>>> print(open('model17.csv').read())   # CSV, C-alpha atoms
chain,number,residue,atom,x,y,z
A,297,MET,CA,16.8,-21.1,8.9
A,298,THR,CA,20.3,-21.5,10.4
A,299,ASN,CA,20.7,-24.7,8.3
A,300,GLY,CA,20.2,-22.5,5.2
A,301,TYR,CA,23.3,-20.5,6.3
A,302,LEU,CA,25.2,-23.7,6.9
A,303,PHE,CA,24.3,-25.0,3.4
A,304,ALA,CA,25.2,-21.7,1.9
A,305,ALA,CA,28.6,-21.7,3.5
A,306,TYR,CA,29.4,-25.2,2.4
A,307,ALA,CA,28.0,-24.6,-1.1
A,308,ALA,CA,30.0,-21.4,-1.5
A,309,THR,CA,33.2,-23.2,-0.5
A,310,TRP,CA,32.8,-25.8,-3.1
A,311,ILE,CA,31.6,-23.4,-5.8
A,312,ILE,CA,34.8,-21.3,-5.3
A,313,HIS,CA,37.1,-24.4,-5.4
A,314,ILE,CA,35.3,-25.9,-8.4
A,315,ALA,CA,35.4,-22.6,-10.3
A,316,TYR,CA,39.1,-22.3,-9.6
A,317,LEU,CA,39.7,-25.9,-10.7
A,318,GLY,CA,37.7,-25.0,-13.9
A,319,THR,CA,40.1,-22.2,-14.7
A,320,ILE,CA,43.1,-24.6,-14.3
A,321,VAL,CA,41.5,-27.1,-16.6
A,322,SER,CA,40.6,-24.4,-19.2
A,323,ARG,CA,44.2,-23.0,-19.1
A,324,TYR,CA,45.6,-26.5,-19.4
A,325,SER,CA,43.4,-27.2,-22.5
A,326,ARG,CA,44.6,-23.9,-24.1
A,327,MET,CA,48.2,-24.9,-23.4
A,328,LYS,CA,47.6,-28.3,-25.1
A,329,ARG,CA,46.1,-26.5,-28.2
A,330,GLU,CA,49.1,-24.2,-28.3
A,331,ILE,CA,51.5,-27.1,-28.1
A,332,ALA,CA,49.7,-28.9,-30.9
A,333,GLU,CA,49.9,-25.7,-33.0
A,334,LEU,CA,53.7,-25.4,-32.3
A,335,LYS,CA,54.2,-29.0,-33.4
A,336,ARG,CA,52.6,-28.3,-36.8
A,337,PRO,CA,55.3,-28.6,-39.5
A,338,ASP,CA,54.4,-25.2,-41.1
A,339,VAL,CA,55.0,-23.5,-37.8
A,340,ARG,CA,58.3,-25.2,-37.1
A,341,SER,CA,59.8,-24.6,-40.6
B,276,MET,CA,54.8,-40.3,-11.4
B,277,LYS,CA,51.8,-40.4,-13.8
B,278,ARG,CA,50.1,-43.0,-11.6
B,279,VAL,CA,50.8,-41.2,-8.3
B,280,PHE,CA,48.7,-38.1,-9.1
B,281,PRO,CA,45.4,-40.0,-9.8
B,282,ILE,CA,45.9,-42.2,-6.7
B,283,LEU,CA,46.5,-39.2,-4.5
B,284,SER,CA,43.6,-37.4,-6.0
B,285,VAL,CA,41.2,-40.3,-5.2
B,286,LEU,CA,42.6,-40.5,-1.6
B,287,THR,CA,42.1,-36.8,-1.2
B,288,ALA,CA,38.5,-37.0,-2.4
B,289,ILE,CA,37.8,-39.8,0.1
B,290,LEU,CA,39.4,-37.8,2.9
B,291,LEU,CA,37.3,-34.8,2.0
B,292,ILE,CA,34.1,-36.9,2.1
B,293,TYR,CA,35.1,-38.4,5.4
B,294,ALA,CA,35.9,-34.9,6.7
B,295,LEU,CA,32.4,-33.7,5.6
B,296,TYR,CA,30.9,-36.6,7.4
B,297,GLN,CA,32.9,-35.7,10.6
B,298,ALA,CA,31.7,-32.1,10.3
B,299,LEU,CA,28.1,-32.7,9.6
B,300,VAL,CA,27.3,-35.9,11.5
B,301,VAL,CA,30.0,-36.9,14.0
B,302,ALA,CA,30.8,-33.5,15.6
B,303,PRO,CA,28.3,-32.6,18.3
B,304,THR,CA,25.9,-29.6,17.9
B,305,GLU,CA,27.1,-26.5,19.6
B,306,GLN,CA,24.6,-25.5,22.4
B,307,THR,CA,24.4,-21.7,21.7
B,308,MET,CA,24.7,-21.4,17.9
B,309,GLY,CA,23.2,-24.8,16.9
B,310,ASP,CA,24.0,-26.3,13.5
B,311,VAL,CA,25.3,-23.1,12.0
B,312,GLN,CA,28.4,-23.5,14.1
B,313,ARG,CA,29.4,-26.3,11.8
B,314,ILE,CA,30.6,-23.6,9.3
B,315,PHE,CA,33.6,-23.5,11.7
B,316,TYR,CA,34.9,-26.8,10.2
B,317,TYR,CA,35.3,-25.1,6.8
B,318,HIS,CA,36.0,-21.6,7.9
B,319,VAL,CA,39.0,-22.2,10.2
B,320,PRO,CA,40.8,-24.9,8.1
B,321,SER,CA,40.5,-22.6,5.0
B,322,ALA,CA,42.3,-19.9,6.9
B,323,TRP,CA,45.0,-22.2,8.3
B,324,THR,CA,45.6,-23.7,4.9
B,325,ALA,CA,45.8,-20.2,3.3
B,326,PHE,CA,48.4,-19.1,5.8
B,327,ILE,CA,50.5,-22.2,5.3
B,328,LEU,CA,50.5,-21.5,1.6
B,329,PHE,CA,51.4,-17.9,2.2
B,330,PHE,CA,54.4,-19.0,4.3
B,331,VAL,CA,55.4,-21.4,1.5
B,332,ASN,CA,55.1,-18.3,-0.8
B,333,PHE,CA,57.3,-16.3,1.6
B,334,GLY,CA,60.0,-19.1,1.8
B,335,ALA,CA,60.0,-19.5,-2.0
B,336,SER,CA,60.2,-15.8,-2.5
B,337,ILE,CA,63.2,-15.4,-0.2
B,338,LEU,CA,64.9,-18.4,-2.0
B,339,TYR,CA,64.2,-16.7,-5.3
B,340,LEU,CA,65.7,-13.4,-4.1
B,341,ILE,CA,68.8,-15.2,-2.9
B,342,LYS,CA,69.3,-18.0,-5.5
B,343,ARG,CA,67.3,-16.7,-8.5
B,344,ARG,CA,65.9,-20.2,-9.2
B,345,PRO,CA,62.9,-20.2,-11.6
B,346,ALA,CA,61.5,-23.2,-9.7
B,347,ALA,CA,61.3,-21.1,-6.5
B,348,ASP,CA,59.5,-18.4,-8.4
B,349,MET,CA,57.0,-20.9,-9.7
B,350,VAL,CA,56.4,-22.3,-6.3
B,351,ALA,CA,55.9,-18.8,-4.9
B,352,LEU,CA,53.4,-18.0,-7.7
B,353,VAL,CA,51.4,-21.2,-7.3
B,354,SER,CA,51.2,-21.1,-3.5
B,355,ALA,CA,50.1,-17.5,-3.6
B,356,GLU,CA,47.3,-18.2,-6.1
B,357,VAL,CA,46.0,-21.3,-4.2
B,358,GLY,CA,46.3,-19.4,-0.9
B,359,VAL,CA,44.2,-16.5,-2.3
B,360,VAL,CA,41.5,-19.1,-3.2
B,361,PHE,CA,41.5,-20.6,0.3
B,362,LEU,CA,41.5,-17.2,2.0
B,363,LEU,CA,38.6,-16.2,-0.2
B,364,VAL,CA,36.7,-19.2,1.1
B,365,ASN,CA,37.5,-18.0,4.7
B,366,LEU,CA,36.3,-14.5,3.8
B,367,VAL,CA,33.0,-15.7,2.2
B,368,THR,CA,32.1,-18.3,4.9
B,369,GLY,CA,32.9,-15.8,7.7
B,370,PRO,CA,30.1,-13.4,6.9
B,371,ILE,CA,27.6,-16.3,6.2
B,372,TRP,CA,28.4,-17.5,9.8
B,373,ALA,CA,28.3,-14.0,11.3
B,374,ARG,CA,24.9,-13.1,10.0
B,375,PRO,CA,22.8,-15.5,12.1
B,376,VAL,CA,25.2,-15.4,15.1
B,377,TRP,CA,26.2,-11.7,15.4
B,378,GLY,CA,23.2,-10.3,13.4
B,379,ILE,CA,25.5,-8.6,10.9
B,380,TRP,CA,27.4,-9.7,7.8
B,381,TRP,CA,30.6,-7.7,8.4
B,382,THR,CA,32.2,-5.4,11.0
B,383,TRP,CA,35.4,-3.5,10.5
B,384,ASP,CA,37.2,-5.0,13.5
B,385,TRP,CA,40.9,-5.8,13.6
B,386,ARG,CA,40.7,-9.5,12.7
B,387,LEU,CA,38.3,-9.2,9.8
B,388,THR,CA,39.9,-6.1,8.4
B,389,SER,CA,43.5,-7.4,8.6
B,390,THR,CA,42.3,-10.7,6.9
B,391,LEU,CA,40.8,-8.7,4.1
B,392,VAL,CA,43.9,-6.5,3.7
B,393,THR,CA,46.1,-9.6,3.6
B,394,TRP,CA,43.9,-11.1,0.9
B,395,LEU,CA,44.1,-7.8,-1.1
B,396,ILE,CA,47.9,-7.8,-0.8
B,397,TYR,CA,48.1,-11.3,-2.3
B,398,VAL,CA,45.5,-10.4,-5.0
B,399,SER,CA,47.8,-7.4,-5.9
B,400,TYR,CA,50.7,-9.8,-6.0
B,401,LEU,CA,48.8,-12.0,-8.5
B,402,MET,CA,47.8,-8.9,-10.5
B,403,LEU,CA,51.5,-7.8,-10.6
B,404,ARG,CA,52.4,-11.3,-11.9
B,405,ARG,CA,49.6,-11.3,-14.4
B,406,PHE,CA,49.9,-7.8,-15.9
B,407,SER,CA,53.6,-6.9,-15.6
B,408,SER,CA,55.8,-8.3,-18.3
B,409,GLY,CA,59.2,-6.9,-17.4
B,410,GLY,CA,62.2,-9.0,-16.5
B,411,GLN,CA,62.1,-7.6,-12.9
B,412,THR,CA,58.5,-8.9,-12.3
B,413,PRO,CA,59.5,-12.0,-10.2
B,414,THR,CA,61.9,-9.8,-8.1
B,415,LEU,CA,59.2,-7.1,-7.4
B,416,ALA,CA,56.6,-9.8,-6.7
B,417,ALA,CA,59.0,-11.6,-4.3
B,418,ALA,CA,59.5,-8.3,-2.4
B,419,LEU,CA,55.7,-7.8,-2.2
B,420,ALA,CA,55.4,-11.4,-1.0
B,421,VAL,CA,57.7,-10.6,2.0
B,422,LEU,CA,55.4,-7.6,2.9
B,423,GLY,CA,52.4,-9.9,2.6
B,424,ALA,CA,53.9,-12.5,4.9
B,425,LEU,CA,54.5,-9.8,7.6
B,426,CYS,CA,50.7,-9.4,7.7
B,427,ILE,CA,50.0,-13.0,8.6
B,428,PRO,CA,51.2,-13.0,12.3
B,429,PHE,CA,49.4,-9.7,12.7
B,430,VAL,CA,46.1,-11.3,11.5
B,431,TYR,CA,46.6,-14.2,13.9
B,432,PHE,CA,47.6,-12.2,16.9
B,433,SER,CA,45.2,-9.3,16.3
B,434,ILE,CA,42.5,-10.9,18.5
B,435,TRP,CA,45.0,-11.0,21.4
B,436,PHE,CA,46.3,-7.4,20.9
B,437,PHE,CA,42.9,-5.7,20.3
B,438,ARG,CA,39.3,-6.1,21.5
B,439,THR,CA,37.5,-7.6,18.6
B,440,GLN,CA,34.1,-9.2,17.9
B,441,HIS,CA,35.9,-12.3,16.5
B,442,PRO,CA,36.2,-15.2,19.0
B,443,GLN,CA,39.6,-16.2,20.5
B,444,PRO,CA,41.7,-18.7,18.6
B,445,VAL,CA,40.9,-22.4,18.8
B,446,ILE,CA,44.5,-23.4,19.5
B,447,GLY,CA,46.3,-21.2,22.0
B,448,GLY,CA,43.1,-19.3,23.0
B,449,ASP,CA,41.3,-19.1,26.3
B,450,GLY,CA,38.3,-21.3,25.6
B,451,SER,CA,38.2,-25.1,25.6
B,452,ILE,CA,36.7,-27.2,22.8
B,453,ASP,CA,34.9,-30.6,22.8
B,454,PRO,CA,37.4,-33.3,21.8
B,455,ARG,CA,35.0,-34.5,19.0
B,456,MET,CA,34.9,-31.0,17.7
B,457,MET,CA,38.7,-30.7,17.7
B,458,HIS,CA,38.9,-34.1,16.0
B,459,ALA,CA,36.5,-33.0,13.2
B,460,LEU,CA,38.4,-29.7,12.9
B,461,LEU,CA,41.8,-31.4,12.5
B,462,ILE,CA,40.4,-34.0,10.0
B,463,ASN,CA,38.9,-31.1,8.0
B,464,TRP,CA,42.2,-29.3,8.1
B,465,LEU,CA,44.1,-32.4,7.0
B,466,ALA,CA,41.7,-32.9,4.1
B,467,PHE,CA,41.9,-29.2,3.1
B,468,ALA,CA,45.7,-29.3,3.3
B,469,CYS,CA,45.8,-32.5,1.1
B,470,PHE,CA,43.4,-30.9,-1.4
B,471,ALA,CA,45.5,-27.7,-1.4
B,472,PHE,CA,48.6,-29.8,-2.1
B,473,MET,CA,46.9,-31.5,-5.1
B,474,VAL,CA,45.7,-28.2,-6.5
B,475,CYS,CA,49.2,-26.7,-6.1
B,476,TRP,CA,50.7,-29.7,-7.9
B,477,SER,CA,48.3,-29.3,-10.8
B,478,ARG,CA,48.9,-25.6,-10.9
B,479,TYR,CA,52.7,-26.1,-10.8
B,480,ARG,CA,52.5,-28.5,-13.8
B,481,LEU,CA,50.4,-26.0,-15.7
B,482,GLU,CA,52.8,-23.1,-14.9
B,483,LYS,CA,55.8,-25.2,-16.0
B,484,LEU,CA,53.9,-26.1,-19.3
B,485,GLN,CA,53.0,-22.4,-19.8
B,486,ARG,CA,56.7,-21.3,-19.4
B,487,ASP,CA,57.8,-24.1,-21.8
B,488,VAL,CA,55.2,-23.0,-24.4
B,489,ASN,CA,56.2,-19.3,-24.0
B,490,GLN,CA,59.8,-20.3,-24.6
B,491,ALA,CA,58.8,-22.4,-27.6
B,492,HIS,CA,56.9,-19.4,-29.0
B,493,ALA,CA,59.9,-17.2,-28.5
B,494,MET,CA,62.2,-19.7,-30.3
B,495,ALA,CA,59.7,-20.1,-33.1
B,496,SER,CA,59.6,-16.3,-33.6
B,497,LEU,CA,63.3,-16.2,-33.8
B,498,LEU,CA,63.5,-19.0,-36.3
B,499,ALA,CA,60.6,-17.8,-38.5
B,500,PRO,CA,61.7,-16.2,-41.8
B,501,HIS,CA,59.3,-13.3,-41.6
B,502,GLY,CA,59.3,-12.8,-37.9
B,503,SER,CA,55.9,-14.3,-37.3
B,504,THR,CA,54.8,-17.8,-36.7
B,505,ARG,CA,51.1,-17.5,-35.7
>>> encode(input="model17.csv", output="C-alpha coordinates")
Amino acid sequence: MTNGYLFAAYAATWIIHIAYLGTIVSRYSRMKREIAELKRPDVRS
Amino acid sequence: MKRVFPILSVLTAILLIYALYQALVVAPTEQTMGDVQRIFYYHVPSAWTAFILFFVNFGASILYLIKRRPAADMVALVSAEVGVVFLLVNLVTGPIWARPVWGIWWTWDWRLTSTLVTWLIYVSYLMLRRFSSGGQTPTLAAALAVLGALCIPFVYFSIWFFRTQHPQPVIGGDGSIDPRMMHALLINWLAFACFAFMVCWSRYRLEKLQRDVNQAHAMASLLAPHGSTR
(Lines of atoms letter the chains of each structure in order from A and count residues from 1; the text may use other names and numbers.)
(Lines give C-alpha, C1' and ligand atoms only; values in the text may rest on other atoms or scores of the structure.)
Protein backbone atom coordinates (compact mmCIF):
# COMPACT_ATOMS: atom_id res chain seq x y z
CA MET A 1 0.00 0.00 0.00
CA THR A 2 2.83 2.43 0.81
CA ASN A 3 4.16 1.86 -2.71
CA GLY A 4 0.85 3.29 -3.94
CA TYR A 5 1.62 6.53 -2.11
CA LEU A 6 5.14 6.55 -3.57
CA PHE A 7 3.77 6.06 -7.08
CA ALA A 8 1.12 8.74 -6.49
CA ALA A 9 3.73 11.28 -5.36
CA TYR A 10 6.04 10.66 -8.31
CA ALA A 11 3.13 10.62 -10.77
CA ALA A 12 1.70 13.86 -9.32
CA THR A 13 5.13 15.52 -9.67
CA TRP A 14 5.38 14.71 -13.36
CA ILE A 15 1.72 15.47 -14.08
CA ILE A 16 2.24 18.98 -12.62
CA HIS A 17 5.46 19.57 -14.60
CA ILE A 18 4.07 18.19 -17.87
CA ALA A 19 0.86 20.24 -17.48
CA TYR A 20 2.95 23.39 -16.98
CA LEU A 21 5.15 22.57 -19.98
CA GLY A 22 1.92 22.05 -21.94
CA THR A 23 0.80 25.60 -21.10
CA ILE A 24 4.17 26.97 -22.30
CA VAL A 25 3.91 25.06 -25.60
CA SER A 26 0.31 26.18 -26.09
CA ARG A 27 1.17 29.85 -25.42
CA TYR A 28 4.16 29.55 -27.76
CA SER A 29 1.93 28.19 -30.56
CA ARG A 30 -0.51 31.08 -30.00
CA MET A 31 2.36 33.56 -30.26
CA LYS A 32 3.53 31.95 -33.52
CA ARG A 33 0.00 32.30 -34.94
CA GLU A 34 -0.15 35.95 -33.88
CA ILE A 35 3.24 36.61 -35.50
CA ALA A 36 2.05 34.99 -38.75
CA GLU A 37 -1.07 37.16 -38.58
CA LEU A 38 1.00 40.31 -38.05
CA LYS A 39 3.19 39.45 -41.04
CA ARG A 40 0.17 39.24 -43.37
CA PRO A 41 0.35 42.13 -45.90
CA ASP A 42 -3.24 43.36 -45.23
CA VAL A 43 -2.41 43.78 -41.55
CA ARG A 44 0.82 45.66 -42.15
CA SER A 45 -0.61 48.08 -44.69
CA MET B 1 22.53 29.11 -29.50
CA LYS B 2 19.81 27.18 -31.33
CA ARG B 3 21.79 23.96 -30.90
CA VAL B 4 22.61 24.50 -27.22
CA PHE B 5 19.00 24.30 -26.05
CA PRO B 6 18.21 20.82 -27.52
CA ILE B 7 21.57 19.44 -26.32
CA LEU B 8 21.02 20.73 -22.78
CA SER B 9 17.43 19.44 -22.85
CA VAL B 10 18.62 15.92 -23.70
CA LEU B 11 21.32 16.08 -21.01
CA THR B 12 18.75 17.23 -18.46
CA ALA B 13 16.40 14.38 -19.43
CA ILE B 14 19.25 11.86 -18.98
CA LEU B 15 20.10 13.40 -15.60
CA LEU B 16 16.45 13.20 -14.50
CA ILE B 17 16.29 9.50 -15.46
CA TYR B 18 19.57 8.83 -13.61
CA ALA B 19 18.21 10.72 -10.58
CA LEU B 20 15.04 8.60 -10.67
CA TYR B 21 17.19 5.46 -10.75
CA GLN B 22 19.17 6.75 -7.75
CA ALA B 23 15.97 7.50 -5.83
CA LEU B 24 14.14 4.23 -6.56
CA VAL B 25 16.96 1.68 -6.86
CA VAL B 26 20.30 2.86 -5.44
CA ALA B 27 19.18 4.69 -2.28
CA PRO B 28 18.63 2.25 0.62
CA THR B 29 15.15 1.62 2.03
CA GLU B 30 14.51 3.57 5.21
CA GLN B 31 13.91 1.20 8.17
CA THR B 32 10.87 2.86 9.80
CA MET B 33 8.91 4.23 6.84
CA GLY B 34 9.90 1.74 4.14
CA ASP B 35 9.67 2.62 0.46
CA VAL B 36 7.30 5.56 0.96
CA GLN B 37 10.28 7.51 2.35
CA ARG B 38 11.57 7.71 -1.25
CA ILE B 39 9.07 10.54 -1.76
CA PHE B 40 11.76 12.53 0.07
CA TYR B 41 13.92 12.55 -3.13
CA TYR B 42 11.25 14.58 -4.95
CA HIS B 43 9.72 16.46 -2.02
CA VAL B 44 12.89 18.11 -0.69
CA PRO B 45 14.62 19.01 -4.02
CA SER B 46 11.35 20.58 -5.22
CA ALA B 47 11.31 22.89 -2.20
CA TRP B 48 15.01 23.78 -2.53
CA THR B 49 14.62 24.52 -6.24
CA ALA B 50 11.53 26.66 -5.59
CA PHE B 51 13.37 28.68 -2.93
CA ILE B 52 16.35 29.26 -5.23
CA LEU B 53 13.96 30.51 -7.90
CA PHE B 54 12.27 32.81 -5.38
CA PHE B 55 15.68 34.23 -4.44
CA VAL B 56 16.35 34.83 -8.15
CA ASN B 57 12.96 36.56 -8.28
CA PHE B 58 13.97 38.67 -5.26
CA GLY B 59 17.31 39.69 -6.82
CA ALA B 60 15.73 40.49 -10.19
CA SER B 61 12.94 42.49 -8.50
CA ILE B 62 15.46 44.57 -6.53
CA LEU B 63 17.44 45.13 -9.76
CA TYR B 64 14.26 46.20 -11.53
CA LEU B 65 13.35 48.62 -8.73
CA ILE B 66 16.83 50.21 -8.95
CA LYS B 67 17.64 50.09 -12.67
CA ARG B 68 14.19 49.67 -14.32
CA ARG B 69 15.54 47.14 -16.79
CA PRO B 70 12.81 45.16 -18.62
CA ALA B 71 15.06 42.07 -18.71
CA ALA B 72 15.20 42.06 -14.88
CA ASP B 73 11.40 42.26 -14.80
CA MET B 74 11.15 39.30 -17.19
CA VAL B 75 13.59 37.23 -15.10
CA ALA B 76 11.56 38.07 -11.98
CA LEU B 77 8.30 36.98 -13.62
CA VAL B 78 9.72 33.76 -15.07
CA SER B 79 11.48 32.68 -11.85
CA ALA B 80 8.33 33.33 -9.79
CA GLU B 81 6.15 31.32 -12.18
CA VAL B 82 8.49 28.31 -12.32
CA GLY B 83 9.06 28.59 -8.54
CA VAL B 84 5.31 28.38 -7.94
CA VAL B 85 5.20 25.16 -9.98
CA PHE B 86 8.05 23.59 -7.98
CA LEU B 87 6.59 24.65 -4.65
CA LEU B 88 3.24 23.20 -5.76
CA VAL B 89 5.02 19.87 -6.29
CA ASN B 90 6.39 20.16 -2.74
CA LEU B 91 2.92 20.98 -1.35
CA VAL B 92 1.32 18.04 -3.20
CA THR B 93 3.97 15.41 -2.42
CA GLY B 94 4.08 16.43 1.28
CA PRO B 95 0.53 15.33 2.14
CA ILE B 96 0.93 12.15 0.04
CA TRP B 97 3.96 11.31 2.22
CA ALA B 98 2.29 12.46 5.45
CA ARG B 99 -0.80 10.25 5.09
CA PRO B 100 0.93 6.85 5.50
CA VAL B 101 3.57 8.16 7.95
CA TRP B 102 1.66 10.58 10.21
CA GLY B 103 -1.83 9.18 9.57
CA ILE B 104 -3.08 12.59 8.38
CA TRP B 105 -2.92 14.48 5.08
CA TRP B 106 -2.32 17.92 6.56
CA THR B 107 -1.74 19.70 9.86
CA TRP B 108 -1.67 23.45 10.45
CA ASP B 109 1.82 23.49 11.95
CA TRP B 110 4.35 26.28 11.36
CA ARG B 111 6.32 24.66 8.53
CA LEU B 112 3.36 23.50 6.47
CA THR B 113 1.33 26.66 7.00
CA SER B 114 4.24 29.02 6.26
CA THR B 115 5.01 27.06 3.05
CA LEU B 116 1.38 27.33 1.97
CA VAL B 117 1.32 31.08 2.78
CA THR B 118 4.54 31.60 0.77
CA TRP B 119 3.04 29.75 -2.18
CA LEU B 120 -0.13 31.89 -1.96
CA ILE B 121 1.98 35.09 -1.91
CA TYR B 122 3.71 34.07 -5.14
CA VAL B 123 0.39 33.00 -6.70
CA SER B 124 -0.95 36.49 -5.86
CA TYR B 125 2.22 37.93 -7.45
CA LEU B 126 1.41 36.04 -10.67
CA MET B 127 -2.26 37.10 -10.49
CA LEU B 128 -1.13 40.71 -10.16
CA ARG B 129 1.10 40.28 -13.22
CA ARG B 130 -1.67 38.57 -15.18
CA PHE B 131 -4.68 40.76 -14.44
CA SER B 132 -3.25 44.23 -13.80
CA SER B 133 -2.52 46.19 -16.97
CA GLY B 134 -1.29 49.50 -15.55
CA GLY B 135 2.21 50.83 -16.14
CA GLN B 136 3.01 50.46 -12.45
CA THR B 137 2.36 46.68 -12.44
CA PRO B 138 6.05 45.61 -12.58
CA THR B 139 6.89 48.00 -9.73
CA LEU B 140 4.01 46.78 -7.54
CA ALA B 141 4.90 43.17 -8.35
CA ALA B 142 8.56 43.81 -7.45
CA ALA B 143 7.47 45.20 -4.07
CA LEU B 144 5.30 42.11 -3.49
CA ALA B 145 8.25 39.90 -4.47
CA VAL B 146 10.36 41.50 -1.73
CA LEU B 147 7.62 40.62 0.79
CA GLY B 148 7.49 37.06 -0.56
CA ALA B 149 11.26 36.65 -0.23
CA LEU B 150 11.06 37.61 3.46
CA CYS B 151 8.88 34.52 4.02
CA ILE B 152 11.50 32.08 2.73
CA PRO B 153 13.94 32.22 5.68
CA PHE B 154 10.92 32.00 7.97
CA VAL B 155 9.76 28.80 6.22
CA TYR B 156 13.22 27.28 6.51
CA PHE B 157 13.85 28.22 10.15
CA SER B 158 10.29 27.65 11.38
CA ILE B 159 11.18 24.08 12.36
CA TRP B 160 13.98 25.42 14.58
CA PHE B 161 11.97 28.21 16.19
CA PHE B 162 8.75 26.28 16.84
CA ARG B 163 7.74 22.76 17.79
CA THR B 164 6.33 21.25 14.62
CA GLN B 165 5.33 17.85 13.30
CA HIS B 166 7.69 18.32 10.36
CA PRO B 167 11.15 16.63 10.70
CA GLN B 168 14.34 18.65 11.17
CA PRO B 169 16.17 19.87 8.04
CA VAL B 170 18.42 17.44 6.17
CA ILE B 171 21.30 19.91 6.02
CA GLY B 172 22.00 21.78 9.25
CA GLY B 173 19.55 19.64 11.27
CA ASP B 174 20.19 17.29 14.21
CA GLY B 175 19.76 13.95 12.48
CA SER B 176 22.30 12.12 10.33
CA ILE B 177 21.57 10.64 6.92
CA ASP B 178 23.01 7.62 5.11
CA PRO B 179 25.63 8.81 2.55
CA ARG B 180 23.83 6.91 -0.25
CA MET B 181 20.60 8.72 0.65
CA MET B 182 22.44 12.06 0.67
CA HIS B 183 23.98 11.21 -2.72
CA ALA B 184 20.56 10.37 -4.20
CA LEU B 185 19.12 13.56 -2.71
CA LEU B 186 21.85 15.77 -4.18
CA ILE B 187 21.62 14.09 -7.60
CA ASN B 188 17.87 14.67 -7.61
CA TRP B 189 18.37 18.27 -6.57
CA LEU B 190 20.91 18.80 -9.35
CA ALA B 191 18.51 17.20 -11.86
CA PHE B 192 15.61 19.36 -10.66
CA ALA B 193 17.77 22.49 -10.74
CA CYS B 194 18.84 21.75 -14.36
CA PHE B 195 15.22 21.03 -15.29
CA ALA B 196 14.12 24.31 -13.66
CA PHE B 197 16.82 26.18 -15.58
CA MET B 198 15.63 24.72 -18.89
CA VAL B 199 11.99 25.52 -18.12
CA CYS B 200 12.98 29.08 -17.13
CA TRP B 201 14.90 29.44 -20.37
CA SER B 202 11.87 28.35 -22.44
CA ARG B 203 9.55 30.56 -20.43
CA TYR B 204 11.91 33.56 -20.79
CA ARG B 205 11.95 33.13 -24.59
CA LEU B 206 8.17 32.94 -24.60
CA GLU B 207 7.88 36.07 -22.44
CA LYS B 208 10.25 37.96 -24.74
CA LEU B 209 8.26 36.83 -27.78
CA GLN B 210 5.01 37.85 -26.09
CA ARG B 211 6.33 41.35 -25.35
CA ASP B 212 7.57 41.71 -28.94
CA VAL B 213 4.15 40.64 -30.28
CA ASN B 214 2.36 43.06 -27.93
CA GLN B 215 4.65 45.84 -29.15
CA ALA B 216 3.99 44.88 -32.79
CA HIS B 217 0.22 44.91 -32.14
CA ALA B 218 0.53 48.38 -30.61
CA MET B 219 2.54 49.60 -33.61
CA ALA B 220 0.05 48.04 -36.05
CA SER B 221 -2.83 49.75 -34.21
CA LEU B 222 -1.08 53.11 -34.50
CA LEU B 223 -0.36 52.65 -38.21
CA ALA B 224 -3.80 51.28 -39.16
CA PRO B 225 -5.99 53.82 -41.02
CA HIS B 226 -9.18 53.03 -39.08
CA GLY B 227 -7.60 52.30 -35.72
CA SER B 228 -8.02 48.52 -35.90
CA THR B 229 -5.84 45.84 -37.42
CA ARG B 230 -7.49 42.58 -36.26
>>> interface_residues(input="model17.csv", of="chain A", to="chain B", cutoff="8 Å", atoms="only C-alpha atoms", output="list in words")
Thr298, Asn299, Tyr301, Leu302, Ala304, Ala305, Tyr306, Ala308, Thr309, Ile312, His313, Tyr316, Leu317, Ile320, Arg323, Tyr324, Met327, Glu330, Ile331, Leu334, Val339, Arg340 and Ser341 of chain A
>>> atom_distance(input="model17.csv", atom1="atom CA of B:Val430", atom2="atom CA of B:Phe326")
9.9 Å
>>> atom_distance(input="model17.csv", atom1="atom CA of B:Arg438", atom2="atom CA of B:Thr388")
13.1 Å
>>> residues_around(input="model17.csv", residues="B:Arg455", least_positions_apart="2", cutoff="8 Å", atoms="only C-alpha atoms", output="PDB file with C-alpha atoms, in the frame of the given file")
ATOM      1  CA  VAL B 301      30.000 -36.900  14.000  1.00  0.00           C
ATOM      2  CA  ALA B 302      30.800 -33.500  15.600  1.00  0.00           C
ATOM      3  CA  PRO B 303      28.300 -32.600  18.300  1.00  0.00           C
ATOM      4  CA  ASP B 453      34.900 -30.600  22.800  1.00  0.00           C
ATOM      5  CA  MET B 457      38.700 -30.700  17.700  1.00  0.00           C
ATOM      6  CA  HIS B 458      38.900 -34.100  16.000  1.00  0.00           C
ATOM      7  CA  ALA B 459      36.500 -33.000  13.200  1.00  0.00           C
TER       8      ALA B 459
END
>>> atom_distance(input="model17.csv", atom1="atom CA of A:Thr319", atom2="atom CA of B:Phe472")
17.0 Å
>>> closest_residue(input="model17.csv", among="B:Ser389, B:Gln306, B:Gln411, B:Ser451", to="B:Phe432", atoms="all atoms listed in the file")
B:Ser389
>>> residues_around(input="model17.csv", residues="B:Leu387", least_positions_apart="5", cutoff="9 Å", atoms="all atoms listed in the file", output="VMD selection string")
chain B and resid 366 369 381 to 382 392 430 439 441
